Amino acid sequence: MTTGKTAPAGALPADSDLTGARPVDAGSAGSLPVRLLARFGSDAMLRNSLFIMATSVVTSLLGYVFWLIVARTQPASVSGAGAAATSALQAAALFACVGAAAAMIEWLPRSRSALEWRRRVTAGVLVAALASAVAGVLVVGLLGHLLHTLPALGTLAGGTLFCLGTVFFAVGTVVDYVAVSERSGGRMLARNALFTAARIPLVLLPWLLPGTTDQILTSWAVAGGVALLVGLAGFRGSTHGHSMRPAFGGLAAHVREMMGSLIGQHFITIAAMLASYLLPIMVVARVSAAANAYFYATWMLGAVFFMISPAVSTSLFAEAAGNAGQIRALARRCALIIAALLVVPMAVYLAGGGLLLELFGPAYPHEGRLLLVLLTVSAVPDAVTNIAVAMLRATNRLRTALWLNTAMLVVSLVLSWLLLPGMGIVGVGVGWLVAQTAGALWALARWRQLGTPPTPTPPTAPTAPTAPTG
């Protein structure tokens with residue numbers, strides 16, 4: 001997606017598909033692998049989606065290796081404390097930066113020049129950096145000094161490393177979303193692969209105070225800083241003509257212009273994320289910690305469905321943000337891609353979900369099989385609601401997107417709370433399926449309105465001079 005283009009949104013060459021790429025000549029198509037490779041190269045939505053999903057897979061695998069090494073080389077107390085500290089780091093960073101990150105996808109395609117593009121990126125990065133720094137300090141003060149939940153954060157070294165890691169993680173996430181908006185999901189994959197891979201040798205360095213949580217936090221902070229620098233440098237010489245060099249002129253005006261979007265995108269994403277954080281706590285409170293072990297393992301298996309449709313929908317958001325006139329056709333393509341990617345894992349889970357759960361232990365299939373079936377079935381309405389939210393975001397109907405996500409969150413939590421004592425963890429699956437189905441039915445009933453972009457309003461020009469100052 002070229003953010004500095006001068007053609008009006010939706011204007012495409014006659015011989016182009018909806019991604020702006022020229023179709024492959026059917027007569028020149030070769031074998032199936034060649035045709036698939038050509039499809040991957042020409043379909044920006046598919047390419048971006050696969051890169052986003054590959055990022056999740058690679059970071060999960062390398063993260064598993066990292067914690068396996070920590071578990072084998074450090075005492076259990078250090079490993080557990082480090083896991084808690086880094087979980088708090090990720091939560092603080094994500095809750096601080098998700099609005100700025102999503103706003104990049106909305107606003108960068110609307111940039112009318114390379115300078116305006118750089119100013120908007122600068123605004124997003126600064127908002128994420130400041131918000132994550134504040135979040136890091138608050139977590140250190142609360143969990144490290146006030147409650148003493150994470151004593152490692154109570155030291156100067158631990159607190160400093162935590163705050164640095166939080167900022168690097170948050171700004172890196174914004175850079176990832178800038179890459180997605182530029183149809184360069186490969187940059188996102190490369191930066192995250194470097195981040196997760198670099199932690200592995202760093203945690204083994206002898207001068208990092210082995211046997212302390214500072215060793216783990218240092219590896220996260222250093223790897224995060226290195227990966228961020230590489231990610232920023234990767235935009236130098238971009239094929240789209242953009243660089244990540246800061247541009248501070250008119251910054252306040254751009255922040256004011258984007259503020260409604262920053263706040264709206266933030267709460268939309270938070271509403272989508274909260275269930276994953278709250279449901280395990282609810283299972284413990286309403287049933288037992290043992291029940292949560294079965295629930296959490298099953299939820300992790302079901303997470304494959306919560307990776308596919310959000311990834312493709314994020315690509316839809318990136319495509320439609322600069323091409324709202326084609327949003328219905330883009331949404332149909334998004335649905336086809338999701339369907340193609342979901343059919344195999346859904347069939348595997350429905351046919352052999354019990355065998356997958358048995359890997360965790362002999363009691364897990366009995367306890368989690370029905371829940372896994374409900375989560376598998378819910379992948380269909382979940383995909384519909386993810387597409388709907390992406391369409392609403394791309395057409396700047398943030399309030400409607402927020403209400404949709406919030407309503408599904410509330411229905412899911414309320415039903416889970418009511419059903420857990422009588423149905424056990426299956427009650428969470430019922431609540432989740434009902435909430436997603438209700439949201440999907442609402443979206444399908446309003447499909448025509450969702451696919452009709454709102455009447456555009458004249459853009460608010462920054463009050464700052466347009467001469468380069470960055």
# chains A, B, ... in the order shown; residues from 1 in each chain; ligands from 1
call {"tool": "residues_around", "arguments": {"residues": "stretch 339-354 of chain A", "least_positions_apart": "3", "cutoff": "12 Å", "atoms": "only C-alpha atoms", "output": "PyMOL selection string"}}
result
chain A and resi 46+49-50+53+297-298+301-312+332-336+357-384
call {"tool": "residues_around", "arguments": {"residues": "A:Leu450", "least_positions_apart": "4", "cutoff": "10 Å", "atoms": "only C-alpha atoms", "output": "short mmCIF file (atom, residue, chain, number, x, y, z; two decimals) with N, CA and C atoms, in the first residue's frame"}}
result
data_model
loop_
_atom_site.label_atom_id
_atom_site.label_comp_id
_atom_site.auth_asym_id
_atom_site.auth_seq_id
_atom_site.Cartn_x
_atom_site.Cartn_y
_atom_site.Cartn_z
N ILE A 327 -14.39 -1.89 -0.36
CA ILE A 327 -14.38 -2.61 0.91
C ILE A 327 -15.21 -3.89 0.86
N ARG A 328 -16.32 -3.90 0.13
CA ARG A 328 -17.12 -5.12 0.08
C ARG A 328 -16.36 -6.24 -0.63
N ALA A 331 -13.65 -7.43 1.61
CA ALA A 331 -14.19 -8.25 2.71
C ALA A 331 -14.54 -9.66 2.22
N ILE A 387 -14.11 -9.68 10.76
CA ILE A 387 -14.22 -8.97 9.48
C ILE A 387 -15.04 -7.70 9.66
N ALA A 388 -16.15 -7.80 10.41
CA ALA A 388 -17.02 -6.64 10.63
C ALA A 388 -16.26 -5.52 11.34
N VAL A 389 -15.50 -5.87 12.38
CA VAL A 389 -14.75 -4.85 13.12
C VAL A 389 -13.69 -4.21 12.22
N ALA A 390 -13.03 -5.01 11.38
CA ALA A 390 -12.04 -4.46 10.46
C ALA A 390 -12.69 -3.48 9.49
N MET A 391 -13.87 -3.81 8.99
CA MET A 391 -14.58 -2.90 8.07
C MET A 391 -14.97 -1.61 8.78
N LEU A 392 -15.44 -1.73 10.00
CA LEU A 392 -15.82 -0.54 10.76
C LEU A 392 -14.60 0.34 11.05
N THR A 395 -13.43 2.26 7.91
CA THR A 395 -14.31 3.36 7.49
C THR A 395 -14.55 4.35 8.63
N ARG A 397 -15.66 4.12 11.62
CA ARG A 397 -16.83 4.01 12.49
C ARG A 397 -16.40 3.31 13.78
N ALA A 443 -23.79 -8.44 12.57
CA ALA A 443 -22.97 -7.99 11.44
C ALA A 443 -23.58 -8.39 10.11
N LEU A 444 -24.08 -9.62 10.00
CA LEU A 444 -24.67 -10.08 8.75
C LEU A 444 -25.94 -9.30 8.43
N ALA A 445 -26.72 -8.96 9.46
CA ALA A 445 -27.94 -8.19 9.24
C ALA A 445 -27.65 -6.79 8.74
N ARG A 446 -26.46 -6.29 9.04
CA ARG A 446 -26.07 -4.93 8.64
C ARG A 446 -24.94 -4.94 7.61
N PRO A 454 -18.85 5.68 4.86
CA PRO A 454 -19.54 6.92 5.22
C PRO A 454 -19.13 8.05 4.31
#
call {"tool": "closest_atom_pairs", "arguments": {"of": "stretch 241-283 of chain A", "to": "stretch 123-147 of chain A", "cutoff": "12 Å", "atoms": "only C-alpha atoms", "output": "JSON lines"}}
result
{"residue": "A:Met244", "atom": "CA", "partner": "A:Val125", "partner_atom": "CA", "distance": 10.1}
{"residue": "A:Arg245", "atom": "CA", "partner": "A:Val125", "partner_atom": "CA", "distance": 11.4}
{"residue": "A:Pro246", "atom": "CA", "partner": "A:Ala123", "partner_atom": "CA", "distance": 9.0}
{"residue": "A:Ala247", "atom": "CA", "partner": "A:Ala123", "partner_atom": "CA", "distance": 8.8}
{"residue": "A:Phe248", "atom": "CA", "partner": "A:Ala123", "partner_atom": "CA", "distance": 8.2}
{"residue": "A:Gly249", "atom": "CA", "partner": "A:Ala123", "partner_atom": "CA", "distance": 10.4}
{"residue": "A:Gly250", "atom": "CA", "partner": "A:Ala123", "partner_atom": "CA", "distance": 9.7}
{"residue": "A:Leu251", "atom": "CA", "partner": "A:Ala123", "partner_atom": "CA", "distance": 6.3}
{"residue": "A:Ala252", "atom": "CA", "partner": "A:Ala123", "partner_atom": "CA", "distance": 8.2}
{"residue": "A:Ala253", "atom": "CA", "partner": "A:Ala123", "partner_atom": "CA", "distance": 9.6}
{"residue": "A:His254", "atom": "CA", "partner": "A:Ala123", "partner_atom": "CA", "distance": 6.9}
{"residue": "A:Val255", "atom": "CA", "partner": "A:Ala123", "partner_atom": "CA", "distance": 6.0}
{"residue": "A:Arg256", "atom": "CA", "partner": "A:Ala123", "partner_atom": "CA", "distance": 9.8}
{"residue": "A:Glu257", "atom": "CA", "partner": "A:Ala123", "partner_atom": "CA", "distance": 10.4}
{"residue": "A:Met258", "atom": "CA", "partner": "A:Ala123", "partner_atom": "CA", "distance": 8.8}
{"residue": "A:Met259", "atom": "CA", "partner": "A:Val127", "partner_atom": "CA", "distance": 10.0}
{"residue": "A:Ser261", "atom": "CA", "partner": "A:Gly124", "partner_atom": "CA", "distance": 11.0}
{"residue": "A:Leu262", "atom": "CA", "partner": "A:Gly124", "partner_atom": "CA", "distance": 8.5}
{"residue": "A:Ile263", "atom": "CA", "partner": "A:Val127", "partner_atom": "CA", "distance": 11.0}
{"residue": "A:His266", "atom": "CA", "partner": "A:Ala128", "partner_atom": "CA", "distance": 11.0}
call {"tool": "select_by_dssp", "arguments": {"residues": "stretch 27-204 of chain A", "states": "alpha helix (DSSP H)", "output": "number ranges by chain"}}
result
A: 32-42, 44-73, 76-107, 114-139, 156-181, 185-202
call {"tool": "closest_residue", "arguments": {"among": "A:Leu156, A:Cys97, A:Ala193, A:Ala83", "to": "A:Ile52", "atoms": "only C-alpha atoms"}}
result
A:Ala193
call {"tool": "atom_distance", "arguments": {"atom1": "atom CA of A:Thr406", "atom2": "atom CA of A:Gly264"}}
result
12.2 Å
call {"tool": "residues_around", "arguments": {"residues": "A:Ala221", "least_positions_apart": "6", "cutoff": "9 Å", "atoms": "only C-alpha atoms", "output": "compact mmCIF listing (two decimals) with C-alpha atoms, in the first residue's frame"}}
result
# COMPACT_ATOMS: atom_id res chain seq x y z
CA LEU A 161 15.31 -2.98 32.83
CA PHE A 162 11.56 -3.49 33.12
CA CYS A 163 10.77 0.06 31.99
CA LEU A 164 13.24 -0.09 29.09
CA GLY A 165 11.88 -3.44 27.96
CA THR A 166 8.30 -2.13 28.13
CA PHE A 168 11.08 -1.22 23.40
CA PHE A 169 8.26 -3.77 23.20
CA ARG A 199 17.09 -13.45 23.84
call {"tool": "atom_distance", "arguments": {"atom1": "atom CA of A:Gly186", "atom2": "atom CA of A:Leu108"}}
result
18.1 Å
